[in-house]
>>> print(open('data11.pdb').read())   # PDB, C-alpha atoms
MODEL        1
ATOM      1  CA  MET Z   5       0.000   0.000   0.000
ATOM      2  CA  LEU Z   6       3.045   2.267   0.411
ATOM      3  CA  PHE Z   7       3.409   3.112  -3.253
ATOM      4  CA  PHE Z   8      -0.304   3.722  -3.594
ATOM      5  CA  SER Z   9      -0.064   6.300  -0.777
ATOM      6  CA  PHE Z  10       3.101   7.723  -2.284
ATOM      7  CA  PHE Z  11       1.531   8.228  -5.698
ATOM      8  CA  LYS Z  12      -1.458   9.877  -4.059
ATOM      9  CA  THR Z  13       0.886  12.593  -2.740
ATOM     10  CA  LEU Z  14       1.975  13.271  -6.337
ATOM     11  CA  VAL Z  15      -1.480  14.087  -7.678
ATOM     12  CA  ASP Z  16      -1.516  17.283  -9.806
ATOM     13  CA  GLN Z  17       2.203  16.967 -10.527
ATOM     14  CA  GLU Z  18       3.569  16.689 -14.048
ATOM     15  CA  VAL Z  19       4.952  13.191 -14.655
ATOM     16  CA  VAL Z  20       6.152  11.092 -17.575
ATOM     17  CA  VAL Z  21       4.863   7.532 -17.734
ATOM     18  CA  GLU Z  22       6.892   5.093 -19.796
ATOM     19  CA  LEU Z  23       4.979   1.992 -20.884
ATOM     20  CA  LYS Z  24       6.290  -1.474 -21.626
ATOM     21  CA  ASN Z  25       5.784  -0.859 -25.351
ATOM     22  CA  ASP Z  26       8.296   2.046 -25.133
ATOM     23  CA  ILE Z  27       5.764   4.841 -25.546
ATOM     24  CA  SER Z  28       6.330   7.734 -23.114
ATOM     25  CA  ILE Z  29       3.374   9.886 -22.133
ATOM     26  CA  LYS Z  30       3.755  13.205 -20.338
ATOM     27  CA  GLY Z  31       0.842  14.623 -18.399
ATOM     28  CA  THR Z  32      -0.617  15.841 -15.129
ATOM     29  CA  LEU Z  33      -1.223  12.995 -12.687
ATOM     30  CA  LYS Z  34      -4.947  13.085 -11.980
ATOM     31  CA  SER Z  35      -5.519   9.918 -10.009
ATOM     32  CA  VAL Z  36      -4.126   6.557  -9.046
ATOM     33  CA  ASP Z  37      -5.785   3.461  -7.598
ATOM     34  CA  GLN Z  38      -4.791   0.313  -5.709
ATOM     35  CA  TYR Z  39      -3.511  -1.434  -8.867
ATOM     36  CA  LEU Z  40      -1.437   1.679  -9.639
ATOM     37  CA  ASN Z  41      -3.607   2.352 -12.652
ATOM     38  CA  ILE Z  42      -2.835   5.935 -13.586
ATOM     39  CA  LYS Z  43      -4.944   8.733 -15.016
ATOM     40  CA  LEU Z  44      -3.193  11.590 -16.807
ATOM     41  CA  ASP Z  45      -4.632  14.889 -18.012
ATOM     42  CA  ASP Z  46      -3.449  17.215 -20.816
ATOM     43  CA  ILE Z  47      -1.203  14.550 -22.245
ATOM     44  CA  GLY Z  48       1.559  14.804 -24.774
ATOM     45  CA  VAL Z  49       3.470  11.941 -26.315
ATOM     46  CA  LEU Z  50       7.239  12.071 -26.602
ATOM     47  CA  GLU Z  51       8.218  11.062 -30.170
ATOM     48  CA  GLU Z  52       4.772  11.987 -31.497
ATOM     49  CA  VAL Z  53       5.407  10.904 -35.106
ATOM     50  CA  ARG Z  54       5.746   7.262 -34.078
ATOM     51  CA  TYR Z  55       2.374   7.248 -32.330
ATOM     52  CA  PRO Z  56      -0.134   8.983 -34.625
ATOM     53  CA  HIS Z  57      -3.125   7.468 -32.815
ATOM     54  CA  MET Z  58      -2.459   9.554 -29.687
ATOM     55  CA  SER Z  59      -2.728  12.963 -31.379
ATOM     56  CA  SER Z  60      -6.434  13.551 -30.686
ATOM     57  CA  VAL Z  61      -6.393  12.191 -27.135
ATOM     58  CA  LYS Z  62      -6.576  14.648 -24.225
ATOM     59  CA  ASN Z  63      -6.503  12.391 -21.171
ATOM     60  CA  VAL Z  64      -5.645   8.754 -20.591
ATOM     61  CA  PHE Z  65      -6.281   5.898 -18.222
ATOM     62  CA  ILE Z  66      -3.209   3.645 -18.148
ATOM     63  CA  ARG Z  67      -3.459   0.131 -16.762
ATOM     64  CA  GLY Z  68      -0.939  -0.296 -13.938
ATOM     65  CA  SER Z  69       0.322  -3.627 -15.262
ATOM     66  CA  VAL Z  70       1.746  -2.068 -18.451
ATOM     67  CA  VAL Z  71       3.746   0.702 -16.794
ATOM     68  CA  ARG Z  72       7.528   0.332 -16.868
ATOM     69  CA  TYR Z  73       8.624   3.629 -15.279
ATOM     70  CA  VAL Z  74       7.092   6.774 -13.868
ATOM     71  CA  HIS Z  75       9.431   9.750 -14.099
ATOM     72  CA  LEU Z  76       8.754  12.064 -11.162
ATOM     73  CA  PRO Z  77       9.672  15.696 -10.582
ATOM     74  CA  ALA Z  78      12.427  15.436  -7.944
ATOM     75  CA  ALA Z  79      11.214  18.561  -6.175
ATOM     76  CA  ALA Z  80       7.848  16.932  -5.454
ATOM     77  CA  VAL Z  81       9.336  13.984  -3.581
ATOM     78  CA  ASP Z  82       9.991  14.341   0.143
ATOM     79  CA  THR Z  83      12.790  11.784   0.363
ATOM     80  CA  ALA Z  84      13.088  11.884   4.156
ATOM     81  CA  LEU Z  85       9.369  11.281   4.577
ATOM     82  CA  LEU Z  86       9.461   8.445   2.074
ATOM     83  CA  GLU Z  87      12.382   6.823   3.904
ATOM     84  CA  ASP Z  88      10.490   6.995   7.188
ATOM     85  CA  ALA Z  89       7.358   5.543   5.627
ATOM     86  CA  THR Z  90       9.392   2.739   4.069
ATOM     87  CA  ARG Z  91      10.985   1.843   7.442
ATOM     88  CA  ARG Z  92       7.598   1.890   9.143
ATOM     89  CA  GLU Z  93       6.136  -0.367   6.447
ATOM     90  CA  ALA Z  94       9.109  -2.771   6.719
ATOM     91  CA  GLU Z  95       8.703  -2.876  10.488
ATOM     92  CA  GLN Z  96       5.026  -3.666  10.158
ATOM     93  CA  GLN Z  97       5.800  -6.441   7.670
ATOM     94  CA  ALA Z  98       8.430  -7.900  10.035
ATOM     95  CA  THR Z  99       6.184  -7.955  13.099
ATOM     96  CA  LYS Z 100       3.112  -9.181  11.254
ATOM     97  CA  PRO Z 101       2.142 -12.680  12.489
ATOM     98  CA  ARG Z 102       2.281 -15.221   9.687
TER
ATOM     99  CA  MET M  21     -10.771   1.987  -1.642
ATOM    100  CA  PHE M  22     -11.748   0.690  -5.071
ATOM    101  CA  THR M  23     -11.006   3.790  -7.023
ATOM    102  CA  THR M  24     -10.605   2.032 -10.393
ATOM    103  CA  ALA M  25     -14.372   2.424 -10.625
ATOM    104  CA  ALA M  26     -14.122   6.173  -9.998
ATOM    105  CA  GLN M  27     -11.440   6.500 -12.682
ATOM    106  CA  LEU M  28     -13.496   4.699 -15.293
ATOM    107  CA  LEU M  29     -16.788   6.254 -14.281
ATOM    108  CA  ASP M  30     -16.028   9.614 -15.894
ATOM    109  CA  LEU M  31     -15.000   7.872 -19.112
ATOM    110  CA  THR M  32     -18.322   6.052 -19.419
ATOM    111  CA  ASP M  33     -20.452   6.922 -22.480
ATOM    112  CA  LYS M  34     -17.537   8.846 -23.992
ATOM    113  CA  LYS M  35     -15.789   8.239 -27.283
ATOM    114  CA  LEU M  36     -12.483   6.589 -26.435
ATOM    115  CA  LEU M  37      -9.336   5.248 -27.980
ATOM    116  CA  LEU M  38      -8.416   1.841 -26.626
ATOM    117  CA  VAL M  39      -4.933   0.473 -27.212
ATOM    118  CA  LEU M  40      -4.493  -3.258 -26.659
ATOM    119  CA  ARG M  41      -1.379  -5.172 -25.684
ATOM    120  CA  ASP M  42      -1.026  -6.590 -29.209
ATOM    121  CA  GLY M  43      -0.913  -3.069 -30.662
ATOM    122  CA  ARG M  44      -4.491  -2.874 -31.892
ATOM    123  CA  LYS M  45      -6.189   0.510 -31.754
ATOM    124  CA  LEU M  46      -9.927   0.537 -31.215
ATOM    125  CA  ILE M  47     -12.155   3.596 -31.199
ATOM    126  CA  GLY M  48     -15.586   3.308 -29.646
ATOM    127  CA  VAL M  49     -18.015   4.430 -26.973
ATOM    128  CA  LEU M  50     -17.373   2.953 -23.511
ATOM    129  CA  ARG M  51     -20.617   1.498 -22.234
ATOM    130  CA  SER M  52     -19.611  -0.831 -19.393
ATOM    131  CA  TRP M  53     -16.612  -1.924 -17.314
ATOM    132  CA  ASP M  54     -15.582  -3.464 -13.992
ATOM    133  CA  GLN M  55     -12.758  -3.179 -11.453
ATOM    134  CA  PHE M  56     -10.326  -5.230 -13.592
ATOM    135  CA  ALA M  57     -10.750  -2.806 -16.492
ATOM    136  CA  ASN M  58     -12.700  -5.419 -18.445
ATOM    137  CA  LEU M  59     -14.429  -3.157 -20.952
ATOM    138  CA  MET M  60     -17.351  -3.061 -23.327
ATOM    139  CA  LEU M  61     -17.233  -0.744 -26.331
ATOM    140  CA  GLN M  62     -20.067   0.113 -28.687
ATOM    141  CA  GLU M  63     -19.817   1.185 -32.346
ATOM    142  CA  THR M  64     -16.193   0.122 -32.367
ATOM    143  CA  VAL M  65     -13.893   0.972 -35.243
ATOM    144  CA  GLU M  66     -10.473  -0.613 -35.543
ATOM    145  CA  ARG M  67      -7.922   1.809 -36.971
ATOM    146  CA  ILE M  68      -4.776   0.348 -38.500
ATOM    147  CA  TYR M  69      -1.736   2.533 -39.096
ATOM    148  CA  THR M  70       1.152   1.307 -41.171
ATOM    149  CA  LYS M  71       3.943   3.079 -43.096
ATOM    150  CA  ASP M  72       2.194   6.294 -44.260
ATOM    151  CA  VAL M  73      -1.380   5.022 -44.567
ATOM    152  CA  TYR M  74      -4.282   4.143 -42.296
ATOM    153  CA  ALA M  75      -7.664   2.434 -42.590
ATOM    154  CA  ASP M  76     -10.809   2.056 -40.498
ATOM    155  CA  ILE M  77     -12.657  -1.230 -40.110
ATOM    156  CA  GLN M  78     -16.131  -1.373 -38.541
ATOM    157  CA  ARG M  79     -16.148  -3.895 -35.684
ATOM    158  CA  GLY M  80     -19.419  -3.365 -33.804
ATOM    159  CA  ILE M  81     -19.513  -4.310 -30.137
ATOM    160  CA  TYR M  82     -16.278  -5.271 -28.388
ATOM    161  CA  ILE M  83     -15.802  -6.875 -24.991
ATOM    162  CA  VAL M  84     -12.171  -6.724 -23.900
ATOM    163  CA  ARG M  85     -10.592  -8.664 -21.047
ATOM    164  CA  GLY M  86      -8.791  -6.225 -18.746
ATOM    165  CA  GLU M  87      -5.337  -7.792 -18.940
ATOM    166  CA  ASN M  88      -5.154  -6.915 -22.644
ATOM    167  CA  VAL M  89      -5.759  -3.222 -22.058
ATOM    168  CA  LEU M  90      -2.733  -0.973 -22.446
ATOM    169  CA  LEU M  91      -4.424   2.373 -22.213
ATOM    170  CA  LEU M  92      -7.709   4.111 -22.629
ATOM    171  CA  GLY M  93      -7.742   7.658 -23.956
ATOM    172  CA  GLU M  94     -10.570  10.149 -24.129
ATOM    173  CA  ILE M  95     -10.774  11.653 -27.598
ATOM    174  CA  ASP M  96     -10.839  15.425 -27.734
ATOM    175  CA  LEU M  97     -13.957  16.015 -29.818
ATOM    176  CA  ASP M  98     -12.489  19.295 -31.158
ATOM    177  CA  LYS M  99      -9.602  17.334 -32.599
ATOM    178  CA  ASP M 100     -11.720  14.311 -33.477
ATOM    179  CA  ASP M 101     -10.541  12.387 -36.535
ATOM    180  CA  TYR M 102      -7.501  14.596 -36.899
ATOM    181  CA  ILE M 103      -4.880  12.414 -38.542
ATOM    182  CA  PRO M 104      -1.353  13.805 -38.435
ATOM    183  CA  GLU M 105       0.999  13.994 -41.440
ATOM    184  CA  PRO M 106       2.010  11.967 -43.411
ATOM    185  CA  TYR M 107      -0.813   9.471 -42.924
ATOM    186  CA  ARG M 108      -3.476   9.249 -45.632
ATOM    187  CA  LYS M 109      -6.551   7.083 -45.800
ATOM    188  CA  ALA M 110      -6.365   3.924 -47.894
ATOM    189  CA  SER M 111      -8.555   0.889 -48.462
ATOM    190  CA  PRO M 112      -8.661  -1.646 -45.598
ATOM    191  CA  GLU M 113      -7.367  -4.393 -47.893
ATOM    192  CA  GLU M 114      -4.331  -2.407 -48.959
ATOM    193  CA  VAL M 115      -3.513  -1.333 -45.400
ATOM    194  CA  HIS M 116      -4.060  -4.853 -44.080
ATOM    195  CA  GLN M 117      -1.544  -6.281 -46.556
ATOM    196  CA  LEU M 118       1.037  -3.587 -45.764
ATOM    197  CA  HIS M 119       0.438  -4.067 -42.059
ATOM    198  CA  LEU M 120       0.937  -7.838 -42.266
ATOM    199  CA  LYS M 121       4.204  -7.312 -44.082
ATOM    200  CA  GLU M 122       5.374  -4.759 -41.541
ATOM    201  CA  MET M 123       4.457  -7.069 -38.637
ATOM    202  CA  GLN M 124       6.448  -9.916 -40.182
ATOM    203  CA  GLU M 125       9.445  -7.640 -40.639
ATOM    204  CA  SER M 126       9.292  -6.388 -37.058
ATOM    205  CA  LYS M 127       8.841  -9.957 -35.813
ATOM    206  CA  ARG M 128      11.995 -10.965 -37.659
ATOM    207  CA  SER M 129      14.091  -8.050 -36.414
ATOM    208  CA  ASP M 130      12.697  -8.645 -32.915
ATOM    209  CA  LYS M 131      13.871 -12.253 -33.074
ATOM    210  CA  THR M 132      17.399 -11.327 -34.176
ATOM    211  CA  ARG M 133      17.604  -8.704 -31.454
ATOM    212  CA  GLN M 134      16.406 -11.149 -28.824
ATOM    213  CA  SER M 135      18.781 -13.922 -29.800
ATOM    214  CA  LYS M 136      21.669 -11.441 -29.730
ATOM    215  CA  LEU M 137      20.596 -10.243 -26.284
ATOM    216  CA  LYS M 138      20.332 -13.835 -25.104
ATOM    217  CA  GLU M 139      23.880 -14.563 -26.243
ATOM    218  CA  LEU M 140      24.967 -11.682 -24.030
ATOM    219  CA  GLY M 141      23.055 -13.151 -21.109
ATOM    220  CA  PHE M 142      20.021 -10.846 -21.106
ATOM    221  CA  GLU M 143      16.564 -12.178 -20.506
ATOM    222  CA  VAL M 144      14.083 -10.372 -22.758
ATOM    223  CA  GLU M 145      11.218  -8.538 -21.158
ATOM    224  CA  HIS M 146       8.256  -9.451 -23.346
ATOM    225  CA  ASN M 147       8.991 -12.927 -24.542
ATOM    226  CA  GLY M 148       8.398 -12.969 -28.258
ATOM    227  CA  GLU M 149       5.282 -10.876 -27.900
ATOM    228  CA  ILE M 150       5.148  -7.960 -30.292
ATOM    229  CA  LEU M 151       4.185  -4.793 -28.555
ATOM    230  CA  LEU M 152       3.404  -1.755 -30.657
TER
ENDMDL
END
>>> encode(input="data11.pdb", output="structure tokens")
Amino acid sequence: MLFFSFFKTLVDQEVVVELKNDISIKGTLKSVDQYLNIKLDDIGVLEEVRYPHMSSVKNVFIRGSVVRYVHLPAAAVDTALLEDATRREAEQQATKPR
Amino acid sequence: MFTTAAQLLDLTDKKLLLVLRDGRKLIGVLRSWDQFANLMLQETVERIYTKDVYADIQRGIYIVRGENVLLLGEIDLDKDDYIPEPYRKASPEEVHQLHLKEMQESKRSDKTRQSKLKELGFEVEHNGEILL
């Protein structure tokens, strides 16, 4: 659930989502759900000539399972907070009865 | 918690572009869906792009299993049916033939690339599957 919460803090930031078929889509992160499906607004495709079908599309829903990378604006990431959250999550995992 | 529904809800009854894992592009009106992004499209048109041509094929109603969905895009109705340069419309038969040829070529170059990567000890990400 950590990454779900993390992505929720990045809503309204400009990100670039790179898919497993190599297409990179830039846009404003509008929402994210528990599968890390991503919704982007005001999109633009890097290397537009290779992907003519995207030219009339204004916003996209991307299935989480096809995402390879999400490029984040470094300024929007509170690294210290993320480290803390990661440690807390790891602790919880370690103490969880199996 | 199940916000997939919320994400798809505002796309319902809109004209959408659906890109599948095998590279197919479908344009249709989203009528129904569930939490796995299984989708139902009405008045679907399949649009094939290849080289510098494209063609539309009427497909009717489409039900797509979620795992095959790559992305779903809302079409800006102001820019609807805007086809960028240098693509021009051609007959479905002509485009289909060109497309088949192009797929075979990319399959072949994919194979060579993969076998070379394997020799170097790399495991390929999408095993033999062509992703466009």
>>> resolve_selection(input="data11.pdb", expression="the PyMOL selection byres ((chain Z) within 10 of (chain M))", output="tab-separated table (two decimals) with C-alpha atoms, in the frame of the given file")
chain	number	residue	atom	x	y	z
Z	23	LEU	CA	4.98	1.99	-20.88
Z	24	LYS	CA	6.29	-1.47	-21.63
Z	25	ASN	CA	5.78	-0.86	-25.35
Z	26	ASP	CA	8.30	2.05	-25.13
Z	27	ILE	CA	5.76	4.84	-25.55
Z	34	LYS	CA	-4.95	13.08	-11.98
Z	35	SER	CA	-5.52	9.92	-10.01
Z	36	VAL	CA	-4.13	6.56	-9.05
Z	37	ASP	CA	-5.78	3.46	-7.60
Z	38	GLN	CA	-4.79	0.31	-5.71
Z	39	TYR	CA	-3.51	-1.43	-8.87
Z	40	LEU	CA	-1.44	1.68	-9.64
Z	41	ASN	CA	-3.61	2.35	-12.65
Z	42	ILE	CA	-2.84	5.94	-13.59
Z	43	LYS	CA	-4.94	8.73	-15.02
Z	44	LEU	CA	-3.19	11.59	-16.81
Z	45	ASP	CA	-4.63	14.89	-18.01
Z	47	ILE	CA	-1.20	14.55	-22.24
Z	52	GLU	CA	4.77	11.99	-31.50
Z	53	VAL	CA	5.41	10.90	-35.11
Z	54	ARG	CA	5.75	7.26	-34.08
Z	55	TYR	CA	2.37	7.25	-32.33
Z	56	PRO	CA	-0.13	8.98	-34.62
Z	57	HIS	CA	-3.12	7.47	-32.82
Z	58	MET	CA	-2.46	9.55	-29.69
Z	59	SER	CA	-2.73	12.96	-31.38
Z	60	SER	CA	-6.43	13.55	-30.69
Z	61	VAL	CA	-6.39	12.19	-27.14
Z	62	LYS	CA	-6.58	14.65	-24.22
Z	63	ASN	CA	-6.50	12.39	-21.17
Z	64	VAL	CA	-5.64	8.75	-20.59
Z	65	PHE	CA	-6.28	5.90	-18.22
Z	66	ILE	CA	-3.21	3.64	-18.15
Z	67	ARG	CA	-3.46	0.13	-16.76
Z	68	GLY	CA	-0.94	-0.30	-13.94
Z	69	SER	CA	0.32	-3.63	-15.26
Z	70	VAL	CA	1.75	-2.07	-18.45
Z	71	VAL	CA	3.75	0.70	-16.79
>>> residues_near_point(input="data11.pdb", point="(1.9, 1.1, -43.6)", cutoff="9 Å", atoms="only C-alpha atoms", output="compact mmCIF listing (two decimals) with C-alpha atoms, in the coordinates of the input")
# COMPACT_ATOMS: atom_id res chain seq x y z
CA ILE M 68 -4.78 0.35 -38.50
CA TYR M 69 -1.74 2.53 -39.10
CA THR M 70 1.15 1.31 -41.17
CA LYS M 71 3.94 3.08 -43.10
CA ASP M 72 2.19 6.29 -44.26
CA VAL M 73 -1.38 5.02 -44.57
CA TYR M 74 -4.28 4.14 -42.30
CA TYR M 107 -0.81 9.47 -42.92
CA GLU M 114 -4.33 -2.41 -48.96
CA VAL M 115 -3.51 -1.33 -45.40
CA HIS M 116 -4.06 -4.85 -44.08
CA GLN M 117 -1.54 -6.28 -46.56
CA LEU M 118 1.04 -3.59 -45.76
CA HIS M 119 0.44 -4.07 -42.06
CA LYS M 121 4.20 -7.31 -44.08
CA GLU M 122 5.37 -4.76 -41.54
>>> resolve_selection(input="data11.pdb", expression="the PyMOL selection byres ((chain Z and resi 20) around 6)", output="short mmCIF file (atom, residue, chain, number, x, y, z; two decimals) with C-alpha atoms, in the frame of the given file")
data_model
loop_
_atom_site.label_atom_id
_atom_site.label_comp_id
_atom_site.auth_asym_id
_atom_site.auth_seq_id
_atom_site.Cartn_x
_atom_site.Cartn_y
_atom_site.Cartn_z
CA VAL Z 19 4.95 13.19 -14.66
CA VAL Z 21 4.86 7.53 -17.73
CA ILE Z 29 3.37 9.89 -22.13
CA LYS Z 30 3.76 13.20 -20.34
CA VAL Z 74 7.09 6.77 -13.87
CA HIS Z 75 9.43 9.75 -14.10
#
>>> atom_distance(input="data11.pdb", atom1="CA of Lys34 (chain M)", atom2="CA of Val49 (chain Z)")
21.4 Å
>>> atom_distance(input="data11.pdb", atom1="CA of Thr83 (chain Z)", atom2="CA of Leu33 (chain Z)")
19.2 Å
>>> atom_distance(input="data11.pdb", atom1="CA of Ala80 (chain Z)", atom2="CA of Thr13 (chain Z)")
8.6 Å
